[in-house]
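Working notes, beginning with the structure itself.
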4 protein chains.
Amino acid sequence: MNDRAIDKTGDKRPVKTAEQRVQEATDWWSTSIIDIKPGRIGIRGYPIEELIGTLSFPQMVWLMLRGDLPSAEQGALLEAAMVAGVDHGPHAPSIAIARMGVTCGLPLNGAMASAINVLDDVHGGAGQQCMELLQAISDASPDAEPGPDVIAAVVDDFIAKNGKIIPGFGHRWHKVDPRSGRLLQMVRDAEAAGIVDGRFGRIALGIEALLESRKGAPIPMNIDGATAVIYLALGFAPPLGRGIFILSRSVGILAHAWEQTQQGGRIKGPMAPSIPYRYTGPAARSLAPDPATSA
Amino acid sequence: MNDRAIDKTGDKRPVKTAEQRVQEATDWWSTSIIDIKPGRIGIRGYPIEELIGTLSFPQMVWLMLRGDLPSAEQGALLEAAMVAGVDHGPHAPSIAIARMGVTCGLPLNGAMASAINVLDDVHGGAGQQCMELLQAISDASPDAEPGPDVIAAVVDDFIAKNGKIIPGFGHRWHKVDPRSGRLLQMVRDAEAAGIVDGRFGRIALGIEALLESRKGAPIPMNIDGATAVIYLALGFAPPLGRGIFILSRSVGILAHAWEQTQQGGRIKGPMAPSIPYRYTGPAARSLAPDPATSA
Amino acid sequence: MNDRAIDKTGDKRPVKTAEQRVQEATDWWSTSIIDIKPGRIGIRGYPIEELIGTLSFPQMVWLMLRGDLPSAEQGALLEAAMVAGVDHGPHAPSIAIARMGVTCGLPLNGAMASAINVLDDVHGGAGQQCMELLQAISDASPDAEPGPDVIAAVVDDFIAKNGKIIPGFGHRWHKVDPRSGRLLQMVRDAEAAGIVDGRFGRIALGIEALLESRKGAPIPMNIDGATAVIYLALGFAPPLGRGIFILSRSVGILAHAWEQTQQGGRIKGPMAPSIPYRYTGPAARSLAPDPATSA
Amino acid sequence: MNDRAIDKTGDKRPVKTAEQRVQEATDWWSTSIIDIKPGRIGIRGYPIEELIGTLSFPQMVWLMLRGDLPSAEQGALLEAAMVAGVDHGPHAPSIAIARMGVTCGLPLNGAMASAINVLDDVHGGAGQQCMELLQAISDASPDAEPGPDVIAAVVDDFIAKNGKIIPGFGHRWHKVDPRSGRLLQMVRDAEAAGIVDGRFGRIALGIEALLESRKGAPIPMNIDGATAVIYLALGFAPPLGRGIFILSRSVGILAHAWEQTQQGGRIKGPMAPSIPYRYTGPAARSLAPDPATSA
């Protein structure tokens with residue numbers, strides 16, 4: 001048995017007392033989110049039983065992430081964004097991964113985990129990156145409405161760093177994303193009712209105008225752009241744009257995983273069996289030396 | 001290049017035509033959940049733009065999982081269960097894992113994935129297992145209210161297979177789970193309003209009574225038991241009890257991961273540095289042979 | 001601030017002293033595998049610097065998992081099994097998931113994690129299940145060689161519980177698995193050299209004979225069967241059959257993820273874009289009530 | 001049923017023929033790593049049965065990742081690095097996560113997946129980042145040995161971008177990492193035998209000298225630095241430094257997960273129960289309005 005106190009900085013320092021070590025262990029994980037006592041759970045100070053049946057799920061998401069209570073209208077706008085993002089079909093990588101996972105024996109938590117993991121920079125991060133772009137344009141003109149020159153300069157800087165795909169605009173599938181129009185209408189209504197500032201929505205329209213002038217054809221906002229406007233207008237930080245998208249897309253991931261469980265299937269790969277894959281490697285060869293060439 | 005058709009059963013069968021192979025590839029992934037055409041997304045047949053701003057998030061969850069639309073009251077009961085389960089603090093394994101993950105450099109999707117993965121049979125499966133137990137009791141007395149003898153028999157059968165912990169009852173932390181009382185009141189209200197049948201709630205109370213009589217002290221329903229009653233009363237299959245709990249707990253996982261990002265920390269293990277771990281292995285030894293004992 | 005000692009069983013018990021709590025925290029994680037002191041790392045008691053450049057990687061795997069040192073011959077047999085299992089192409093779900101993951105922006109650790117996760121009961125557990133079957137046959141005849149009747153009885157019991165696919169035998173792709181022959185030859189050589197007992201190999205051949213007599217055609221051992229024989233002959237517990245397979249298949253997962261990184265690709269789903277998926281859900285419908293049918 | 005060909009770019013293009021679509025589907029996943037025909041598996045062209053029992057596991061790793069065969073000496077150096085990195089105890093986040101995972105009911109694949117996922121930029125990426133730094137120094141002086149000025153300039157540039165922790169040097173636990181000395185000796189021996197160029201080793205020593213002169217105390221190479229030297233000397237790209245570390249650390253992750261399975265434990269969080277966590281959030285408050293302050 002080898003029980004001794006190892007101070008993180010090596011054993012030069014005096015060994016801490018038991019009280020000090022209990023204190024350090026207590027402080028090792030700290031949170032402002034939840035307080036738990038026997039028989040009591042406080043979420044940001046509110047007894048959880050007050051919140052159950054009172055807050056909507058999006059309002060609870062907001063309280064957990066932000067620490068304050070959103071109004072009913074703010075909650076409704078967040079809810080619309082969360083409803084919009086739940087799914088985009090079994091050929092989306094995250095959905096396909098969940099389906100394949102259950103055919104390998106995974107329970108729902110495992111199928112969901114493998115799928116959620118791939119909602120990374122490219123597949124799930126577009127909303128976050130669009131928020132960062134909109135925020136950068138806003139920051140470049142803090143005291144006034146960003147004009148076309150400002151928008152073009154920041155967009156070009158983004159392209160120089162990240163490539164020519166502007167997150168939030170255009171879509172591989174949809175010339176017009178059926179989700180954006182409805183969401184943007186709700187943003188306009190919320191602006192008219194004084195619930196959100198319309199600044200980020202106007203910046204996004206400015207990007208649309210810029211891209212259309214350059215391309216010669218419309219490249220309208222897609223789901224990532226529309227939700228980026230909503231999340232920024234509601235005051236969320238860009239990484240939470242990705243986080244909330246994950247909460248939303250998890251619904252589709254769960255639904256498809258569950259459906260696949262009902263359909264059956266065993267160790268399903270991505271392709272039907274009668275479609276081969278492309279082999280581009282060496283022709284068959286042997287480890288055994290070729291007498292003509294060996295030393 | 002090695003492009004040829006390999007039939008799953010070996011190359012005895014005639015090679016499929018291109019049309020047959022396209023058909024098989026098309027059928028390889030099938031779903032009733034979502035239909036996507038350029039410019040159109042249908043969720044269980046409904047254009048998604050009709051659902052945005054109309055359905056609550058829990059109603060959308062229901063539609064995605066079940067294929068039909070819940071009433072506002074059904075949605076509210078589901079919502080209460082989802083709100084109740086979002087978090088239980090930084091010492092819960094799933095939450096701790098998310099926090100550790102961000103200190104290792106993971107983005108939010110990765111931290112959430114590692115965490116959600118562990119909501120398995122024991123940590124996230126209690127709700128599902130409680131649903132299976134309640135369902136088993138109900139199935140044992142399909143035409144009448146299950147009496148104490150039926151309940152005891154099915155519970156004993158469960159204990160014989162699974163051990164003495166009855167999922168849904170008791171709690172390591174809370175003598176009375178502050179979340180159950182509120183949820184069970186909402187179930188009673190819903191039953192009084194004719195929205196759900198009270199059968200599963202009564203079965204759960206029967207288990208409570210049995211456990212109390214055997215233990216000599218109350219072992220009341222906890223969050224898993226209360227939500228199990230709700231999910232069964234609303235008609236969800238037991239694995240979806242786990243699935244919906246995952247959607248709920250993902251909120252806490254995200255919130256804690258985000259908070260840890262703000263707090264910083266670098267490669268945080270589970271314990272504070274001044275707490276060692278217990279080593280129980282061999283004393284120091286050497287590969288080098290001991291002259292006294294070597295052959 | 002809310003710093004107090006909560007005993008796991010509620011606050012009925014006397015609060016522990018600081019020394020008791022440090023002790024409990026120290027004991028919370030215990031291991032016989034590794035001892036770490038500043039400047040010293042002992043693996044099962046051996047200074048790690050003695051093992052580097054001395055043990056083969058499979059011998060290190062053995063020492064870490066089992067606690068003792070395998071001979072060079074035992075290590076070589078384990079190594080052969082590990083080499084054999086590294087890959088089965090980009091249409092295997094685990095490999096496809098890793099490839100899709102990197103096109104979504106995942107780094108190698110994330111792509112590997114999503115992939116390894118699906119090596120579950122069906123996709124990665126075949127070797128473990130085959131080991132359990134072989135072990136069950138061996139246990140049914142502990143003092144003698146299991147005869148055909150014993151083998152048939154245990155196999156039938158397995159089929160009743162698990163369905164008609166016998167893990168370790170047959171293969172969707174290969175009538176004769178090119179990996180098995182070589183592995184089984186190495187087992188026979190090891191048996192001849194007195195390194196392993198041939199019991200499990202003979203039991204596996206007995207299952208082959210049984211399946212062939214019932215099917216009317218050979219259903220030879222595949223990679224899972226051959227490695228199952230090796231792992232049992234070397235004394236590994238069945239779950240470690242899955243664990244070692246994971247270490248092996250991780251090599252293929254990493255190689256394919258890395259290759260996909262070099263190939264590029266952006267948010268690649270499982271199917272090429274010109275192949276649609278099958279939609280089987282409701283025809284387009286609307287939330288809006290139909291005047292002819294609404295109340 | 002809704003079966004139609006959707007071209008990725010919308011339906012402006014002529015619909016592809018069935019043959020074209022089969023071709024596109026075949027090309028969707030391509031690889032040079034493995035060729036599979038019924039009864040045949042070729043790894044980079046070599047029949048797999050030639051490799052089993054012939055290649056060491058590290059040689060197989062090399063072949064899979066690189067496409068060519070390493071010499072026995074190159075394989076031995078890679079093997080030493082892989083052996084060195086297998087574990088660093090149950091307080092490392094990856095190891096702790098695997099242990100917690102099995103107490104939540106996860107099988108070994110799930111516990112390993114959650115753990116491997118966190119070997120990200122900070123926890124598993126140090127080796128990769130050190131390789132990038134060494135490579136940058138080498139690239140800054142392509143035709144000559146990089147001198148102290150070059151080393152200092154590149155290191156300062158790294159610090160400006162990434163902060164003051166230089167990956168590969170120093171260690172929170174070990175003043176002298178017991179793994180580095182042995183590995184660096186093997187590198188020197190390999191250099192003397194003409195197996196590797198000593199360039200990257202000399203650059204690393206130059207960084208050591210620089211850090212010591214600035215700190216006034218030695219900051220010697222740790223395991224990440226030593227393995228970075230080895231991987232670069234053997235010609236691996238920096239991301240594969242992370243990938244190979246993952247293959248190595250997976251052994252420790254598996255061993256600890258397996259050990260925890262044997263020890264038992266149920267839903268173990270990071271901390272012992274008698275250690276609370278620090279709550280820093282609001283005091284208890286209520287949703288109900290305070291009559292004195294409500295509107």
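Naming works like this for the structure tokens: A, B, ... for the chains as they're shown, residue 1 at the start of each chain, ligands 1 onward in shown order.
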Where does DSSP see strand (DSSP E or B) in stretch 17-226 of chain D, if you list the residues as a PyMOL selection string? chain D and resi 30-31+34-37+40-43+46-47+169+221
Enumerate, in order of chain and increasing residue number, the residues of chain B with an atom no farther than 6 Å from chain C, each with its shortest atom pair and distance in Å to one decimal, counting only C-alpha atoms, as a tab-separated table.
```
residue	atom	partner	partner_atom	distance
B:Thr26	CA	C:Tyr277	CA	4.8
B:Asp27	CA	C:Arg278	CA	5.3
B:Trp29	CA	C:Tyr277	CA	5.6
B:Ser30	CA	C:Arg278	CA	4.4
B:Thr31	CA	C:Tyr279	CA	5.2
B:Ser32	CA	C:Gly281	CA	3.6
B:Arg44	CA	C:Pro282	CA	5.9
B:Gly45	CA	C:Ala284	CA	4.4
B:Tyr46	CA	C:Arg285	CA	5.3
B:Ile275	CA	C:Thr26	CA	5.9
B:Pro276	CA	C:Thr26	CA	5.4
B:Tyr277	CA	C:Thr26	CA	4.8
B:Arg278	CA	C:Ser30	CA	4.4
B:Tyr279	CA	C:Thr31	CA	5.2
B:Thr280	CA	C:Ser32	CA	4.6
B:Gly281	CA	C:Ser32	CA	3.6
B:Pro282	CA	C:Gly45	CA	5.1
B:Ala283	CA	C:Gly45	CA	5.4
B:Ala284	CA	C:Gly45	CA	4.4
B:Arg285	CA	C:Tyr46	CA	5.3
B:Ser286	CA	C:Tyr46	CA	5.5
```
Secondary structure check, alpha helix (DSSP H) residues of stretch 45-163 of chain C, as a short mmCIF file (atom, residue, chain, number, x, y, z; two decimals) with N, CA and C atoms, in the first residue's frame:
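The resulting file, states.cif, is shown below:
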```cif
data_model
loop_
_atom_site.label_atom_id
_atom_site.label_comp_id
_atom_site.auth_asym_id
_atom_site.auth_seq_id
_atom_site.Cartn_x
_atom_site.Cartn_y
_atom_site.Cartn_z
N ILE C 48 9.12 1.48 -15.38
CA ILE C 48 8.75 1.50 -16.80
C ILE C 48 9.97 1.56 -17.71
N GLU C 49 11.05 2.17 -17.21
CA GLU C 49 12.21 2.26 -18.08
C GLU C 49 12.84 0.89 -18.35
N GLU C 50 12.58 -0.09 -17.47
CA GLU C 50 13.06 -1.45 -17.74
C GLU C 50 12.26 -2.11 -18.86
N LEU C 51 11.00 -1.64 -19.02
CA LEU C 51 10.12 -2.31 -19.98
C LEU C 51 10.27 -1.74 -21.40
N PHE C 57 5.12 -4.73 -27.71
CA PHE C 57 3.85 -4.06 -27.40
C PHE C 57 2.80 -5.06 -26.94
N PRO C 58 2.66 -6.23 -27.60
CA PRO C 58 1.70 -7.20 -27.07
C PRO C 58 2.07 -7.72 -25.67
N GLN C 59 3.35 -7.86 -25.39
CA GLN C 59 3.73 -8.26 -24.04
C GLN C 59 3.34 -7.19 -23.03
N MET C 60 3.45 -5.93 -23.43
CA MET C 60 3.04 -4.83 -22.55
C MET C 60 1.53 -4.86 -22.35
N VAL C 61 0.80 -5.14 -23.42
CA VAL C 61 -0.66 -5.27 -23.30
C VAL C 61 -0.98 -6.36 -22.27
N TRP C 62 -0.32 -7.49 -22.38
CA TRP C 62 -0.55 -8.60 -21.46
C TRP C 62 -0.24 -8.18 -20.02
N LEU C 63 0.91 -7.58 -19.81
CA LEU C 63 1.30 -7.16 -18.45
C LEU C 63 0.29 -6.19 -17.86
N MET C 64 -0.15 -5.24 -18.68
CA MET C 64 -1.11 -4.25 -18.19
C MET C 64 -2.45 -4.89 -17.84
N LEU C 65 -2.89 -5.83 -18.68
CA LEU C 65 -4.21 -6.45 -18.45
C LEU C 65 -4.17 -7.53 -17.39
N ARG C 66 -3.08 -8.28 -17.32
CA ARG C 66 -3.06 -9.51 -16.52
C ARG C 66 -2.19 -9.39 -15.28
N ALA C 72 8.01 -15.02 -24.47
CA ALA C 72 8.12 -14.50 -25.84
C ALA C 72 7.14 -15.22 -26.76
N GLU C 73 6.97 -16.53 -26.55
CA GLU C 73 6.07 -17.29 -27.41
C GLU C 73 4.60 -16.92 -27.20
N GLN C 74 4.24 -16.76 -25.93
CA GLN C 74 2.87 -16.30 -25.66
C GLN C 74 2.63 -14.93 -26.29
N GLY C 75 3.63 -14.05 -26.14
CA GLY C 75 3.50 -12.72 -26.74
C GLY C 75 3.35 -12.78 -28.25
N ALA C 76 4.05 -13.73 -28.87
CA ALA C 76 3.99 -13.83 -30.33
C ALA C 76 2.62 -14.29 -30.81
N LEU C 77 2.00 -15.18 -30.03
CA LEU C 77 0.68 -15.66 -30.42
C LEU C 77 -0.35 -14.54 -30.26
N LEU C 78 -0.26 -13.81 -29.16
CA LEU C 78 -1.13 -12.65 -28.97
C LEU C 78 -0.91 -11.64 -30.08
N GLU C 79 0.34 -11.44 -30.44
CA GLU C 79 0.67 -10.46 -31.48
C GLU C 79 0.04 -10.85 -32.82
N ALA C 80 0.08 -12.14 -33.14
CA ALA C 80 -0.52 -12.59 -34.39
C ALA C 80 -2.01 -12.27 -34.44
N ALA C 81 -2.69 -12.52 -33.32
CA ALA C 81 -4.12 -12.22 -33.27
C ALA C 81 -4.37 -10.73 -33.42
N MET C 82 -3.55 -9.92 -32.80
CA MET C 82 -3.73 -8.47 -32.87
C MET C 82 -3.45 -7.96 -34.28
N VAL C 83 -2.44 -8.52 -34.92
CA VAL C 83 -2.14 -8.10 -36.30
C VAL C 83 -3.29 -8.47 -37.23
N ALA C 84 -3.88 -9.63 -37.00
CA ALA C 84 -4.91 -10.13 -37.92
C ALA C 84 -6.16 -9.27 -37.95
N PRO C 93 -18.93 -0.57 -40.50
CA PRO C 93 -19.48 0.62 -39.84
C PRO C 93 -18.44 1.42 -39.06
N SER C 94 -17.59 0.74 -38.29
CA SER C 94 -16.62 1.48 -37.49
C SER C 94 -15.70 2.30 -38.37
N ILE C 95 -15.24 1.72 -39.46
CA ILE C 95 -14.33 2.43 -40.35
C ILE C 95 -15.06 3.59 -41.04
N ALA C 96 -16.26 3.33 -41.51
CA ALA C 96 -17.03 4.39 -42.19
C ALA C 96 -17.29 5.55 -41.26
N ILE C 97 -17.58 5.25 -40.00
CA ILE C 97 -17.87 6.31 -39.04
C ILE C 97 -16.65 7.19 -38.81
N ALA C 98 -15.48 6.57 -38.72
CA ALA C 98 -14.26 7.36 -38.55
C ALA C 98 -14.04 8.27 -39.74
N ARG C 99 -14.26 7.74 -40.93
CA ARG C 99 -14.07 8.54 -42.15
C ARG C 99 -15.06 9.71 -42.22
N MET C 100 -16.32 9.39 -41.93
CA MET C 100 -17.32 10.48 -41.94
C MET C 100 -16.97 11.53 -40.89
N GLY C 101 -16.49 11.06 -39.74
CA GLY C 101 -16.17 11.99 -38.66
C GLY C 101 -15.13 13.02 -39.03
N VAL C 102 -14.07 12.59 -39.73
CA VAL C 102 -13.05 13.59 -40.06
C VAL C 102 -13.58 14.59 -41.07
N THR C 103 -14.51 14.17 -41.95
CA THR C 103 -15.07 15.14 -42.89
C THR C 103 -16.01 16.13 -42.21
N LEU C 108 -8.32 13.31 -34.95
CA LEU C 108 -8.22 11.85 -34.95
C LEU C 108 -8.81 11.21 -33.69
N ASN C 109 -8.62 11.83 -32.52
CA ASN C 109 -9.16 11.23 -31.31
C ASN C 109 -10.68 11.14 -31.36
N GLY C 110 -11.32 12.17 -31.89
CA GLY C 110 -12.77 12.16 -31.98
C GLY C 110 -13.29 11.16 -32.99
N ALA C 111 -12.63 11.12 -34.15
CA ALA C 111 -13.04 10.15 -35.16
C ALA C 111 -12.88 8.73 -34.63
N MET C 112 -11.78 8.48 -33.93
CA MET C 112 -11.55 7.15 -33.39
C MET C 112 -12.57 6.82 -32.30
N ALA C 113 -12.90 7.81 -31.48
CA ALA C 113 -13.84 7.55 -30.39
C ALA C 113 -15.22 7.17 -30.92
N SER C 114 -15.75 7.95 -31.86
CA SER C 114 -17.07 7.63 -32.42
C SER C 114 -17.07 6.24 -33.03
N ALA C 115 -15.95 5.86 -33.63
CA ALA C 115 -15.86 4.56 -34.30
C ALA C 115 -15.73 3.41 -33.29
N ILE C 116 -14.83 3.57 -32.35
CA ILE C 116 -14.60 2.50 -31.37
C ILE C 116 -15.88 2.21 -30.58
N ASN C 117 -16.66 3.25 -30.37
CA ASN C 117 -17.90 3.10 -29.58
C ASN C 117 -18.82 2.04 -30.17
N ALA C 126 -18.38 -10.26 -31.27
CA ALA C 126 -18.47 -11.64 -31.74
C ALA C 126 -17.36 -12.49 -31.15
N GLY C 127 -16.17 -11.91 -31.07
CA GLY C 127 -15.07 -12.67 -30.49
C GLY C 127 -15.33 -13.01 -29.04
N GLN C 128 -15.86 -12.05 -28.30
CA GLN C 128 -16.19 -12.29 -26.90
C GLN C 128 -17.26 -13.37 -26.77
N GLN C 129 -18.29 -13.26 -27.62
CA GLN C 129 -19.39 -14.24 -27.52
C GLN C 129 -18.91 -15.63 -27.91
N CYS C 130 -18.01 -15.70 -28.89
CA CYS C 130 -17.47 -17.00 -29.28
C CYS C 130 -16.67 -17.59 -28.11
N MET C 131 -15.90 -16.73 -27.43
CA MET C 131 -15.14 -17.21 -26.27
C MET C 131 -16.09 -17.76 -25.20
N GLU C 132 -17.20 -17.04 -24.99
CA GLU C 132 -18.16 -17.50 -23.98
C GLU C 132 -18.76 -18.84 -24.38
N LEU C 133 -19.01 -19.03 -25.65
CA LEU C 133 -19.56 -20.31 -26.12
C LEU C 133 -18.55 -21.44 -25.94
N LEU C 134 -17.31 -21.19 -26.37
CA LEU C 134 -16.27 -22.21 -26.20
C LEU C 134 -16.07 -22.54 -24.73
N GLN C 135 -16.10 -21.51 -23.90
CA GLN C 135 -15.92 -21.71 -22.47
C GLN C 135 -17.07 -22.51 -21.89
N ALA C 136 -18.28 -22.21 -22.37
CA ALA C 136 -19.44 -22.95 -21.86
C ALA C 136 -19.35 -24.43 -22.23
N ILE C 137 -18.87 -24.73 -23.43
CA ILE C 137 -18.71 -26.13 -23.83
C ILE C 137 -17.63 -26.79 -22.96
N SER C 138 -16.55 -26.08 -22.74
CA SER C 138 -15.48 -26.62 -21.90
C SER C 138 -15.98 -26.88 -20.47
N ASP C 139 -16.76 -25.93 -19.94
CA ASP C 139 -17.26 -26.08 -18.58
C ASP C 139 -18.25 -27.23 -18.46
N PRO C 148 -19.21 -34.76 -29.18
CA PRO C 148 -20.18 -34.12 -30.06
C PRO C 148 -21.53 -33.86 -29.39
N ASP C 149 -21.96 -34.73 -28.50
CA ASP C 149 -23.26 -34.52 -27.85
C ASP C 149 -23.22 -33.29 -26.95
N VAL C 150 -22.15 -33.17 -26.20
CA VAL C 150 -22.01 -32.01 -25.32
C VAL C 150 -21.97 -30.73 -26.15
N ILE C 151 -21.18 -30.78 -27.22
CA ILE C 151 -21.06 -29.59 -28.07
C ILE C 151 -22.43 -29.22 -28.64
N ALA C 152 -23.16 -30.20 -29.14
CA ALA C 152 -24.47 -29.90 -29.73
C ALA C 152 -25.42 -29.32 -28.70
N ALA C 153 -25.39 -29.87 -27.49
CA ALA C 153 -26.32 -29.39 -26.46
C ALA C 153 -26.05 -27.94 -26.11
N VAL C 154 -24.80 -27.63 -25.93
CA VAL C 154 -24.46 -26.25 -25.54
C VAL C 154 -24.73 -25.28 -26.70
N VAL C 155 -24.42 -25.73 -27.92
CA VAL C 155 -24.69 -24.87 -29.08
C VAL C 155 -26.18 -24.62 -29.22
N ASP C 156 -26.98 -25.66 -29.03
CA ASP C 156 -28.44 -25.48 -29.14
C ASP C 156 -28.96 -24.54 -28.06
N ASP C 157 -28.38 -24.64 -26.87
CA ASP C 157 -28.77 -23.74 -25.80
C ASP C 157 -28.43 -22.30 -26.18
N PHE C 158 -27.29 -22.13 -26.80
CA PHE C 158 -26.87 -20.79 -27.25
C PHE C 158 -27.84 -20.25 -28.30
N ILE C 159 -28.20 -21.11 -29.25
CA ILE C 159 -29.11 -20.69 -30.31
C ILE C 159 -30.47 -20.29 -29.74
N ALA C 160 -30.92 -21.04 -28.75
CA ALA C 160 -32.21 -20.72 -28.14
C ALA C 160 -32.19 -19.33 -27.51
N LYS C 161 -31.07 -18.96 -26.95
CA LYS C 161 -30.98 -17.66 -26.27
C LYS C 161 -30.65 -16.53 -27.23
N ASN C 162 -29.87 -16.82 -28.28
CA ASN C 162 -29.24 -15.73 -29.03
C ASN C 162 -29.58 -15.70 -30.52
#
```
Counting only C-alpha atoms, the residue of A:Lys164, A:Lys16, A:His123, A:Arg179 that sits nearest A:Arg242: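 Closest to A:Arg242, using only C-alpha atoms: A:His123.
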Do a neighbour search on stretch 184-190 of chain A at 9 Å with only C-alpha atoms, toss out local chain neighbours closer than 3 positions, and write the hits as an MDAnalysis selection string. (chainID A and resid 73:74 77 80 179:181 193:198 201 226:227 229:230 233) or (chainID B and resid 53)
Same residues, C-alpha atoms, output as a compact mmCIF listing (two decimals), in the first residue's frame:
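File out-v2.txt, as written:
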```txt
# COMPACT_ATOMS: atom_id res chain seq x y z
CA GLU A 73 -41.33 35.78 -25.76
CA GLN A 74 -37.58 35.19 -25.55
CA LEU A 77 -37.94 32.57 -30.14
CA ALA A 80 -38.53 28.11 -32.66
CA ARG A 179 -36.67 26.77 -42.37
CA SER A 180 -35.09 30.20 -42.73
CA GLY A 181 -38.05 32.16 -43.98
CA ALA A 193 -42.55 43.92 -30.55
CA GLY A 194 -39.38 45.28 -28.97
CA ILE A 195 -38.18 41.88 -27.76
CA VAL A 196 -34.92 41.82 -29.68
CA ASP A 197 -32.75 44.33 -31.47
CA GLY A 198 -32.77 43.85 -35.23
CA GLY A 201 -30.67 40.39 -38.67
CA ALA A 226 -31.21 32.16 -39.37
CA THR A 227 -30.53 30.51 -36.02
CA VAL A 229 -29.26 35.67 -35.97
CA ILE A 230 -31.70 34.42 -33.34
CA ALA A 233 -30.21 38.60 -30.90
CA GLY B 53 -43.28 28.68 -33.88
```
Can you list, as a compact mmCIF listing (two decimals) with N, CA and C atoms, in the first residue's frame, every protein, DNA or RNA residue that comes within 6 Å of A:Ile219 when you count only C-alpha atoms, leaving out same-chain residues fewer than 6 positions away?
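Saved to out.txt:
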```txt
# COMPACT_ATOMS: atom_id res chain seq x y z
N PHE A 169 -25.00 30.65 -45.12
CA PHE A 169 -25.54 31.12 -46.40
C PHE A 169 -25.39 30.03 -47.45
N GLY A 170 -26.47 29.87 -48.23
CA GLY A 170 -26.47 28.81 -49.24
C GLY A 170 -26.72 27.46 -48.61
N GLU A 212 -24.79 37.97 -53.09
CA GLU A 212 -25.56 37.96 -54.33
C GLU A 212 -24.91 38.85 -55.38
```
Tell me which of A:Phe245, A:Trp258, A:Phe236, A:Phe200 sits closest to A:Leu119, counting only C-alpha atoms. A:Phe245
What separation in Å, quoted to one decimal, exists between atom CA of C:Pro220 and atom CA of C:Arg182?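 Straight-line distance from atom CA of C:Pro220 to atom CA of C:Arg182 works out to 13.3 Å.
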For atom CA of D:Gly105 and atom CA of B:Asp121, determine how far apart the two atoms are, in Å to one decimal place.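 Separation of atom CA of D:Gly105 and atom CA of B:Asp121: 5.1 Å.
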Atom CA of A:Met221 and atom CA of B:Arg40 are how many Å apart? 15.1 Å
With only C-alpha atoms as the basis for distance, which of A:Pro238, A:Cys104, A:Val176, A:Arg202 is at the shortest distance from A:Gly265? A:Cys104
